[in-house]
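S.K.: Got a file for you: start-v6.cif, mmCIF, C-alpha atoms, pLDDT in the B column; chains and numbers go by the auth columns.
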```cif
data_start
#
loop_
_atom_site.group_PDB
_atom_site.id
_atom_site.type_symbol
_atom_site.label_atom_id
_atom_site.label_comp_id
_atom_site.label_asym_id
_atom_site.label_seq_id
_atom_site.Cartn_x
_atom_site.Cartn_y
_atom_site.Cartn_z
_atom_site.B_iso_or_equiv
_atom_site.auth_seq_id
_atom_site.auth_asym_id
ATOM 1 C CA MET A 1 -6.953 44.892 10.363 61.00 853 A
ATOM 2 C CA LYS A 2 -4.059 44.215 12.712 64.00 854 A
ATOM 3 C CA LEU A 3 -6.468 43.166 15.443 64.00 855 A
ATOM 4 C CA ARG A 4 -8.154 40.662 13.125 70.00 856 A
ATOM 5 C CA TRP A 5 -4.780 39.141 12.218 68.00 857 A
ATOM 6 C CA LEU A 6 -3.856 38.783 15.894 64.00 858 A
ATOM 7 C CA GLY A 7 -7.202 37.068 16.471 67.00 859 A
ATOM 8 C CA PHE A 8 -6.385 34.460 13.817 64.00 860 A
ATOM 9 C CA VAL A 9 -2.953 33.845 15.341 64.00 861 A
ATOM 10 C CA ALA A 10 -4.486 33.419 18.804 62.00 862 A
ATOM 11 C CA LEU A 11 -7.098 31.030 17.405 65.00 863 A
ATOM 12 C CA GLY A 12 -4.388 28.972 15.681 63.00 864 A
ATOM 13 C CA LEU A 13 -2.325 28.755 18.872 58.00 865 A
ATOM 14 C CA GLY A 14 -5.415 27.777 20.844 62.00 866 A
ATOM 15 C CA LEU A 15 -6.176 24.947 18.412 62.00 867 A
ATOM 16 C CA LEU A 16 -2.562 23.768 18.508 57.00 868 A
ATOM 17 C CA ILE A 17 -2.563 23.638 22.293 62.00 869 A
ATOM 18 C CA ASN A 18 -5.885 21.761 22.359 62.00 870 A
ATOM 19 C CA LEU A 19 -4.653 19.169 19.851 57.00 871 A
ATOM 20 C CA GLN A 20 -1.557 18.499 21.925 55.00 872 A
ATOM 21 C CA ALA A 21 -3.607 18.284 25.119 51.00 873 A
ATOM 22 C CA CYS A 22 -5.887 15.575 23.700 54.00 874 A
ATOM 23 C CA GLY A 23 -2.912 13.328 22.884 50.00 875 A
ATOM 24 C CA PHE A 24 -3.141 13.618 19.095 49.00 876 A
ATOM 25 C CA GLN A 25 0.146 12.905 17.345 46.00 877 A
ATOM 26 C CA LEU A 26 0.664 12.767 13.613 46.00 878 A
ATOM 27 C CA ARG A 27 2.514 9.570 12.765 49.00 879 A
ATOM 28 C CA GLY A 28 3.482 7.522 9.764 48.00 880 A
ATOM 29 C CA TYR A 29 2.551 3.860 9.748 52.00 881 A
ATOM 30 C CA SER A 30 1.035 2.490 12.908 60.00 882 A
ATOM 31 C CA SER A 31 2.616 -0.641 14.202 84.00 883 A
ATOM 32 C CA LEU A 32 1.315 -4.123 14.777 88.00 884 A
ATOM 33 C CA PRO A 33 0.626 -5.439 18.280 89.00 885 A
ATOM 34 C CA ASP A 34 3.618 -6.952 20.088 86.00 886 A
ATOM 35 C CA GLU A 35 2.367 -10.529 19.656 86.00 887 A
ATOM 36 C CA LEU A 36 2.483 -10.066 15.859 87.00 888 A
ATOM 37 C CA THR A 37 6.015 -8.715 15.573 86.00 889 A
ATOM 38 C CA ASN A 38 7.437 -12.180 14.775 88.00 890 A
ATOM 39 C CA LEU A 39 5.447 -13.602 11.889 90.00 891 A
ATOM 40 C CA ARG A 40 5.733 -16.421 9.438 91.00 892 A
ATOM 41 C CA LEU A 41 3.734 -15.720 6.298 92.00 893 A
ATOM 42 C CA ALA A 42 1.984 -18.684 4.690 92.00 894 A
ATOM 43 C CA ALA A 43 0.790 -17.297 1.362 91.00 895 A
ATOM 44 C CA ASP A 44 1.666 -20.039 -1.111 87.00 896 A
ATOM 45 C CA LYS A 45 -1.397 -19.361 -3.268 89.00 897 A
ATOM 46 C CA LEU A 46 -0.397 -15.726 -3.853 92.00 898 A
ATOM 47 C CA SER A 47 1.759 -14.746 -6.805 92.00 899 A
ATOM 48 C CA THR A 48 5.361 -13.845 -6.048 93.00 900 A
ATOM 49 C CA ALA A 49 4.673 -10.153 -6.686 93.00 901 A
ATOM 50 C CA ARG A 50 1.664 -10.161 -4.355 94.00 902 A
ATOM 51 C CA GLN A 51 3.691 -11.981 -1.662 94.00 903 A
ATOM 52 C CA ARG A 52 6.381 -9.298 -1.889 94.00 904 A
ATOM 53 C CA ASP A 53 3.770 -6.541 -1.601 94.00 905 A
ATOM 54 C CA LEU A 54 2.276 -8.104 1.508 95.00 906 A
ATOM 55 C CA GLN A 55 5.698 -8.777 3.035 94.00 907 A
ATOM 56 C CA SER A 56 6.748 -5.156 2.583 93.00 908 A
ATOM 57 C CA GLN A 57 3.525 -3.888 4.178 93.00 909 A
ATOM 58 C CA LEU A 58 4.018 -6.205 7.146 93.00 910 A
ATOM 59 C CA GLU A 59 7.636 -5.117 7.557 93.00 911 A
ATOM 60 C CA ARG A 60 6.689 -1.414 7.367 92.00 912 A
ATOM 61 C CA ALA A 61 4.192 -2.086 10.173 91.00 913 A
ATOM 62 C CA GLY A 62 6.982 -3.485 12.352 90.00 914 A
ATOM 63 C CA ALA A 63 6.773 -7.227 11.734 90.00 915 A
ATOM 64 C CA THR A 64 9.871 -9.370 11.499 89.00 916 A
ATOM 65 C CA LEU A 65 9.186 -12.143 9.021 90.00 917 A
ATOM 66 C CA ARG A 66 10.614 -15.538 9.884 86.00 918 A
ATOM 67 C CA TYR A 67 11.106 -18.368 7.470 80.00 919 A
ATOM 68 C CA ASP A 68 11.829 -21.136 9.981 72.00 920 A
ATOM 69 C CA ASP A 69 9.991 -22.627 12.961 62.00 921 A
ATOM 70 C CA GLU A 70 12.906 -22.151 15.367 61.00 922 A
ATOM 71 C CA LEU A 71 11.561 -19.046 17.092 61.00 923 A
ATOM 72 C CA GLY A 72 7.970 -20.258 17.089 69.00 924 A
ATOM 73 C CA PRO A 73 6.406 -17.209 15.437 84.00 925 A
ATOM 74 C CA VAL A 74 2.748 -16.598 14.825 91.00 926 A
ATOM 75 C CA VAL A 75 1.693 -17.946 11.418 92.00 927 A
ATOM 76 C CA LEU A 76 -0.347 -15.640 9.202 94.00 928 A
ATOM 77 C CA SER A 77 -2.111 -17.613 6.463 94.00 929 A
ATOM 78 C CA VAL A 78 -3.391 -15.513 3.577 96.00 930 A
ATOM 79 C CA GLY A 79 -5.239 -16.443 0.408 95.00 931 A
ATOM 80 C CA LEU A 80 -6.771 -14.397 -2.424 95.00 932 A
ATOM 81 C CA ASP A 81 -9.673 -15.553 -4.554 94.00 933 A
ATOM 82 C CA THR A 82 -11.398 -14.000 -7.521 92.00 934 A
ATOM 83 C CA LEU A 83 -15.142 -14.348 -7.179 93.00 935 A
ATOM 84 C CA PRO A 84 -17.256 -14.752 -10.340 93.00 936 A
ATOM 85 C CA GLU A 85 -17.708 -11.637 -12.451 90.00 937 A
ATOM 86 C CA ARG A 86 -21.185 -10.159 -12.587 90.00 938 A
ATOM 87 C CA LYS A 87 -22.334 -8.466 -15.748 87.00 939 A
ATOM 88 C CA LEU A 88 -24.384 -5.487 -14.608 84.00 940 A
ATOM 89 C CA VAL A 89 -25.077 -3.829 -17.960 82.00 941 A
ATOM 90 C CA ASP A 90 -24.641 -5.080 -21.514 77.00 942 A
ATOM 91 C CA SER A 91 -25.353 -2.413 -24.119 72.00 943 A
ATOM 92 C CA THR A 92 -25.066 -4.136 -27.460 67.00 944 A
ATOM 93 C CA GLY A 93 -25.773 -0.920 -29.350 68.00 945 A
ATOM 94 C CA SER A 94 -22.933 1.042 -27.753 70.00 946 A
ATOM 95 C CA ASN A 95 -20.607 -1.959 -27.303 75.00 947 A
ATOM 96 C CA GLN A 96 -20.162 -1.131 -23.613 82.00 948 A
ATOM 97 C CA THR A 97 -20.306 -3.632 -20.792 85.00 949 A
ATOM 98 C CA ILE A 98 -20.243 -2.914 -17.074 87.00 950 A
ATOM 99 C CA LEU A 99 -18.791 -5.706 -14.954 89.00 951 A
ATOM 100 C CA ARG A 100 -18.510 -6.031 -11.207 94.00 952 A
ATOM 101 C CA LEU A 101 -15.163 -7.537 -10.256 94.00 953 A
ATOM 102 C CA THR A 102 -14.852 -8.975 -6.750 96.00 954 A
ATOM 103 C CA ARG A 103 -11.831 -10.251 -4.830 96.00 955 A
ATOM 104 C CA GLN A 104 -11.839 -12.007 -1.484 97.00 956 A
ATOM 105 C CA LEU A 105 -8.962 -12.231 0.968 96.00 957 A
ATOM 106 C CA SER A 106 -9.123 -14.932 3.623 96.00 958 A
ATOM 107 C CA TYR A 107 -6.739 -14.995 6.572 96.00 959 A
ATOM 108 C CA SER A 108 -6.103 -16.715 9.859 95.00 960 A
ATOM 109 C CA LEU A 109 -3.549 -16.418 12.652 94.00 961 A
ATOM 110 C CA ILE A 110 -2.148 -19.380 14.570 91.00 962 A
ATOM 111 C CA ASP A 111 0.251 -18.944 17.487 87.00 963 A
ATOM 112 C CA ALA A 112 3.289 -21.109 18.249 82.00 964 A
ATOM 113 C CA GLY A 113 1.188 -23.453 20.414 82.00 965 A
ATOM 114 C CA GLY A 114 -1.234 -24.167 17.575 83.00 966 A
ATOM 115 C CA ASN A 115 -4.001 -22.006 19.037 86.00 967 A
ATOM 116 C CA ARG A 116 -6.033 -20.004 16.560 89.00 968 A
ATOM 117 C CA LEU A 117 -5.860 -16.305 17.355 87.00 969 A
ATOM 118 C CA VAL A 118 -8.037 -15.450 14.354 90.00 970 A
ATOM 119 C CA GLU A 119 -9.927 -18.135 12.498 89.00 971 A
ATOM 120 C CA ASN A 120 -10.783 -17.939 8.799 90.00 972 A
ATOM 121 C CA GLN A 121 -11.753 -14.299 8.435 94.00 973 A
ATOM 122 C CA ARG A 122 -12.767 -12.955 5.038 96.00 974 A
ATOM 123 C CA LEU A 123 -12.449 -9.496 3.548 96.00 975 A
ATOM 124 C CA VAL A 124 -14.215 -8.638 0.289 97.00 976 A
ATOM 125 C CA GLN A 125 -13.708 -5.757 -2.142 96.00 977 A
ATOM 126 C CA SER A 126 -15.676 -5.047 -5.340 96.00 978 A
ATOM 127 C CA GLN A 127 -15.409 -2.537 -8.125 94.00 979 A
ATOM 128 C CA ASP A 128 -17.533 -1.859 -11.183 93.00 980 A
ATOM 129 C CA LEU A 129 -15.680 -1.546 -14.465 89.00 981 A
ATOM 130 C CA GLU A 130 -16.920 -0.190 -17.800 87.00 982 A
ATOM 131 C CA LEU A 131 -15.398 -2.062 -20.727 83.00 983 A
ATOM 132 C CA ASP A 132 -15.342 -1.427 -24.460 77.00 984 A
ATOM 133 C CA ASP A 133 -16.372 -4.628 -26.248 69.00 985 A
ATOM 134 C CA ASN A 134 -14.574 -3.479 -29.423 68.00 986 A
ATOM 135 C CA ASN A 135 -11.184 -3.376 -27.704 66.00 987 A
ATOM 136 C CA LEU A 136 -10.727 -6.739 -25.980 63.00 988 A
ATOM 137 C CA LEU A 137 -6.973 -6.370 -25.431 59.00 989 A
ATOM 138 C CA SER A 138 -7.451 -3.105 -23.578 67.00 990 A
ATOM 139 C CA SER A 139 -10.357 -4.599 -21.638 74.00 991 A
ATOM 140 C CA GLU A 140 -8.191 -7.427 -20.309 83.00 992 A
ATOM 141 C CA GLY A 141 -5.551 -4.923 -19.226 84.00 993 A
ATOM 142 C CA GLU A 142 -8.161 -2.822 -17.458 89.00 994 A
ATOM 143 C CA LYS A 143 -9.511 -5.911 -15.694 89.00 995 A
ATOM 144 C CA GLN A 144 -6.051 -6.865 -14.448 91.00 996 A
ATOM 145 C CA HIS A 145 -5.338 -3.308 -13.310 92.00 997 A
ATOM 146 C CA THR A 146 -8.641 -3.243 -11.406 93.00 998 A
ATOM 147 C CA LEU A 147 -7.910 -6.621 -9.782 93.00 999 A
ATOM 148 C CA ASP A 148 -4.485 -5.317 -8.681 94.00 1000 A
ATOM 149 C CA LYS A 149 -6.157 -2.264 -7.119 95.00 1001 A
ATOM 150 C CA LEU A 150 -8.617 -4.539 -5.326 95.00 1002 A
ATOM 151 C CA ASP A 151 -5.716 -6.626 -3.997 95.00 1003 A
ATOM 152 C CA ASP A 152 -4.002 -3.490 -2.679 95.00 1004 A
ATOM 153 C CA ALA A 153 -7.211 -2.408 -0.962 96.00 1005 A
ATOM 154 C CA LEU A 154 -7.601 -5.860 0.588 96.00 1006 A
ATOM 155 C CA PHE A 155 -4.013 -5.812 1.885 95.00 1007 A
ATOM 156 C CA ASN A 156 -4.658 -2.395 3.446 94.00 1008 A
ATOM 157 C CA SER A 157 -7.829 -3.737 5.073 95.00 1009 A
ATOM 158 C CA LEU A 158 -5.880 -6.728 6.382 95.00 1010 A
ATOM 159 C CA MET A 159 -3.291 -4.434 7.952 95.00 1011 A
ATOM 160 C CA ILE A 160 -6.057 -2.463 9.665 94.00 1012 A
ATOM 161 C CA GLN A 161 -7.553 -5.695 11.023 94.00 1013 A
ATOM 162 C CA LEU A 162 -4.173 -6.910 12.294 93.00 1014 A
ATOM 163 C CA ARG A 163 -3.492 -3.596 14.039 91.00 1015 A
ATOM 164 C CA ARG A 164 -6.797 -3.921 15.898 89.00 1016 A
ATOM 165 C CA LEU A 165 -5.839 -7.204 17.559 84.00 1017 A
#
```
Is it possible to give me this structure as structure tokens?
M.R.:
Amino acid sequence: MKLRWLGFVALGLGLLINLQACGFQLRGYSSLPDELTNLRLAADKLSTARQRDLQSQLERAGATLRYDDELGPVVLSVGLDTLPERKLVDSTGSNQTILRLTRQLSYSLIDAGGNRLVENQRLVQSQDLELDDNNLLSSEGEKQHTLDKLDDALFNSLMIQLRRL
């Protein structure tokens, strides 16, 4: 029994040494590339709450947001669009409807010289939602909650794309 326990300890130490040797390090948020540390966010079409969410994600990733042109930062233009809903299933007998909600985030990056670093990229997220036709007020709340979740997923995807530059 004691020998088995020592075997597990040795195996654990061996794995720990191998993980350190391969360069793996557990970290929090990964940072943006150096050329994206000074950013000006152009997101006029986003709601104030969505702008704040995106700003906080950018700042957590190491970006310093500028609100003037003095330092000549890179401009990140972001827009969100709701694509038309698709009704997948309409069960009149059970009063249930399944909708596919889709949001699209478009973005581009322009450096201080006016050169496009990234030109008009689009990210798309969809989610199917089952709604109760008898409870319209609840259905609207569920739709908005789902759209907010899609926006969060799109912002996370945007951060991944920016980190890859």
S.K.: Can you spell out as a list in words the set of residues that the PyMOL selection byres ((chain A and resi 990-1000) around 10) selects in the structure I just provided?
M.R.: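 Selected by the PyMOL selection byres ((chain A and resi 990-1000) around 10) here: Arg902, Thr934, Leu951, Leu953, Thr954, Arg955, Gln977, Ser978, Gln979, Asp980, Leu981, Glu982, Leu983, Asp984, Asp985, Asn986, Asn987, Leu988, Leu989, Lys1001, Leu1002, Asp1003, Asp1004, Ala1005 and Leu1006 of chain A.
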S.K.: So what do you get for CA of Asn972 in chain A versus CA of Asp886 in chain A, distance-wise?
M.R.: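 According to the coordinates, CA of Asn972 in chain A and CA of Asp886 in chain A are separated by 21.3 Å.
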S.K.: Have a look at CA of Leu961 in chain A and CA of Leu928 in chain A and let me know their distance in Å, one decimal.
M.R.: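 Between CA of Leu961 in chain A and CA of Leu928 in chain A the gap works out to 4.8 Å.
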S.K.: For each of A:Leu884, A:Ala964, A:Val970, A:Leu940, take the minimum atom-to-atom distance to Gln909 in chain A, counting all atoms listed in the file, then give the residue where this is smallest.
M.R.: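 When distances to Gln909 in chain A are compared using all atoms listed in the file, the smallest one comes from A:Leu884.
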S.K.: Under the rule that all atoms listed in the file are counted, which of A:Arg918, A:Leu888, A:Gly966, A:Arg856 is the nearest residue to Leu1017 in chain A?
M.R.: A:Leu888
S.K.: Please measure the separation of CA of Ala895 in chain A and CA of Val930 in chain A, giving the value in Å to one decimal.
M.R.: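 These atoms are spaced 5.1 Å apart.
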S.K.: So which residues are close to (6.8, -19.0, 16.2), meaning at most 12 Å away in the file's coordinates with all atoms listed in the file counted, and can you show them as a list in words?
M.R.: Glu887, Leu888, Thr889, Asn890, Leu891, Arg892, Leu893, Thr916, Leu917, Arg918, Tyr919, Asp920, Asp921, Glu922, Leu923, Gly924, Pro925, Val926, Val927, Leu928, Leu961, Ile962, Asp963, Ala964, Gly965, Gly966 and Asn967 of chain A
S.K.: Generate a file of the selected residues that holds C-alpha atoms, formatted as a short mmCIF file (atom, residue, chain, number, x, y, z; two decimals), in the coordinates of the input.
M.R.:
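The resulting file, part-v2.cif, is reproduced below:
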```cif
data_model
loop_
_atom_site.label_atom_id
_atom_site.label_comp_id
_atom_site.auth_asym_id
_atom_site.auth_seq_id
_atom_site.Cartn_x
_atom_site.Cartn_y
_atom_site.Cartn_z
CA GLU A 887 2.37 -10.53 19.66
CA LEU A 888 2.48 -10.07 15.86
CA THR A 889 6.02 -8.72 15.57
CA ASN A 890 7.44 -12.18 14.78
CA LEU A 891 5.45 -13.60 11.89
CA ARG A 892 5.73 -16.42 9.44
CA LEU A 893 3.73 -15.72 6.30
CA THR A 916 9.87 -9.37 11.50
CA LEU A 917 9.19 -12.14 9.02
CA ARG A 918 10.61 -15.54 9.88
CA TYR A 919 11.11 -18.37 7.47
CA ASP A 920 11.83 -21.14 9.98
CA ASP A 921 9.99 -22.63 12.96
CA GLU A 922 12.91 -22.15 15.37
CA LEU A 923 11.56 -19.05 17.09
CA GLY A 924 7.97 -20.26 17.09
CA PRO A 925 6.41 -17.21 15.44
CA VAL A 926 2.75 -16.60 14.82
CA VAL A 927 1.69 -17.95 11.42
CA LEU A 928 -0.35 -15.64 9.20
CA LEU A 961 -3.55 -16.42 12.65
CA ILE A 962 -2.15 -19.38 14.57
CA ASP A 963 0.25 -18.94 17.49
CA ALA A 964 3.29 -21.11 18.25
CA GLY A 965 1.19 -23.45 20.41
CA GLY A 966 -1.23 -24.17 17.58
CA ASN A 967 -4.00 -22.01 19.04
#
```
S.K.: Could you check the closest approach to Phe1007 in chain A for each of A:Gln907, A:Ser883, A:Ser960, A:Thr900 and tell me which residue wins, using only C-alpha atoms?
M.R.: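 Of A:Gln907, A:Ser883, A:Ser960, A:Thr900, the one nearest Phe1007 in chain A is A:Gln907, counting only C-alpha atoms.
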S.K.: Pick out the closest residue to Tyr959 in chain A from this set: A:Ala913, A:Arg938, A:Val976, A:Gly931. Count all atoms listed in the file.
M.R.: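 Among the listed residues, A:Gly931 lies closest to Tyr959 in chain A.
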S.K.: Quick one: of A:Leu898, A:Leu957, A:Ile950, A:Leu969, who's nearest to Leu1010 in chain A, counting only C-alpha atoms?
M.R.: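 Of A:Leu898, A:Leu957, A:Ile950, A:Leu969, the one nearest Leu1010 in chain A is A:Leu957, counting only C-alpha atoms.
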S.K.: Can you patch up range 883-905 of chain A, filling it in to N, CA, C and O atoms, and show the result as a tab-separated table (two decimals), in the frame of the given file?
M.R.:
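Here's the written file rebuild.tsv:
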```tsv
chain	number	residue	atom	x	y	z
A	883	SER	N	1.96	0.66	14.10
A	883	SER	CA	2.62	-0.64	14.20
A	883	SER	C	1.64	-1.73	14.61
A	883	SER	O	0.55	-1.48	15.10
A	884	LEU	N	2.09	-2.95	14.40
A	884	LEU	CA	1.32	-4.12	14.78
A	884	LEU	C	1.44	-4.36	16.27
A	884	LEU	O	2.40	-3.91	16.91
A	885	PRO	N	0.50	-5.08	16.86
A	885	PRO	CA	0.63	-5.44	18.28
A	885	PRO	C	1.88	-6.28	18.52
A	885	PRO	O	2.40	-6.94	17.61
A	886	ASP	N	2.37	-6.25	19.75
A	886	ASP	CA	3.62	-6.95	20.09
A	886	ASP	C	3.59	-8.44	19.74
A	886	ASP	O	4.58	-9.00	19.32
A	887	GLU	N	2.43	-9.09	19.93
A	887	GLU	CA	2.37	-10.53	19.66
A	887	GLU	C	2.48	-10.86	18.17
A	887	GLU	O	2.67	-12.01	17.80
A	888	LEU	N	2.39	-9.84	17.31
A	888	LEU	CA	2.48	-10.07	15.86
A	888	LEU	C	3.79	-9.54	15.27
A	888	LEU	O	3.91	-9.44	14.05
A	889	THR	N	4.76	-9.24	16.11
A	889	THR	CA	6.02	-8.72	15.57
A	889	THR	C	6.88	-9.81	14.96
A	889	THR	O	7.69	-9.52	14.09
A	890	ASN	N	6.74	-11.05	15.40
A	890	ASN	CA	7.44	-12.18	14.78
A	890	ASN	C	6.40	-13.00	14.04
A	890	ASN	O	5.58	-13.67	14.64
A	891	LEU	N	6.45	-12.94	12.72
A	891	LEU	CA	5.45	-13.60	11.89
A	891	LEU	C	6.10	-14.53	10.88
A	891	LEU	O	7.20	-14.27	10.41
A	892	ARG	N	5.39	-15.59	10.59
A	892	ARG	CA	5.73	-16.42	9.44
A	892	ARG	C	4.53	-16.33	8.51
A	892	ARG	O	3.41	-16.60	8.89
A	893	LEU	N	4.79	-15.92	7.28
A	893	LEU	CA	3.73	-15.72	6.30
A	893	LEU	C	3.55	-16.99	5.48
A	893	LEU	O	4.48	-17.49	4.86
A	894	ALA	N	2.34	-17.52	5.50
A	894	ALA	CA	1.98	-18.68	4.69
A	894	ALA	C	1.02	-18.19	3.61
A	894	ALA	O	-0.17	-18.06	3.84
A	895	ALA	N	1.59	-17.86	2.45
A	895	ALA	CA	0.79	-17.30	1.36
A	895	ALA	C	1.19	-17.96	0.05
A	895	ALA	O	1.47	-17.30	-0.94
A	896	ASP	N	1.20	-19.29	0.05
A	896	ASP	CA	1.67	-20.04	-1.11
A	896	ASP	C	0.78	-19.83	-2.34
A	896	ASP	O	1.25	-19.96	-3.46
A	897	LYS	N	-0.48	-19.52	-2.13
A	897	LYS	CA	-1.40	-19.36	-3.27
A	897	LYS	C	-1.29	-17.98	-3.92
A	897	LYS	O	-1.87	-17.75	-4.97
A	898	LEU	N	-0.58	-17.06	-3.28
A	898	LEU	CA	-0.40	-15.73	-3.85
A	898	LEU	C	0.74	-15.75	-4.87
A	898	LEU	O	1.69	-16.52	-4.73
A	899	SER	N	0.65	-14.87	-5.86
A	899	SER	CA	1.76	-14.75	-6.80
A	899	SER	C	2.98	-14.17	-6.07
A	899	SER	O	2.85	-13.58	-5.00
A	900	THR	N	4.13	-14.34	-6.67
A	900	THR	CA	5.36	-13.84	-6.05
A	900	THR	C	5.30	-12.34	-5.83
A	900	THR	O	5.71	-11.83	-4.79
A	901	ALA	N	4.78	-11.61	-6.81
A	901	ALA	CA	4.67	-10.15	-6.69
A	901	ALA	C	3.73	-9.77	-5.55
A	901	ALA	O	4.02	-8.85	-4.76
A	902	ARG	N	2.61	-10.46	-5.43
A	902	ARG	CA	1.66	-10.16	-4.36
A	902	ARG	C	2.26	-10.52	-2.99
A	902	ARG	O	2.02	-9.83	-2.01
A	903	GLN	N	3.02	-11.62	-2.92
A	903	GLN	CA	3.69	-11.98	-1.66
A	903	GLN	C	4.66	-10.88	-1.24
A	903	GLN	O	4.71	-10.51	-0.07
A	904	ARG	N	5.42	-10.37	-2.20
A	904	ARG	CA	6.38	-9.30	-1.89
A	904	ARG	C	5.65	-8.05	-1.40
A	904	ARG	O	6.10	-7.39	-0.46
A	905	ASP	N	4.54	-7.71	-2.04
A	905	ASP	CA	3.77	-6.54	-1.60
A	905	ASP	C	3.30	-6.70	-0.16
A	905	ASP	O	3.42	-5.77	0.65
```
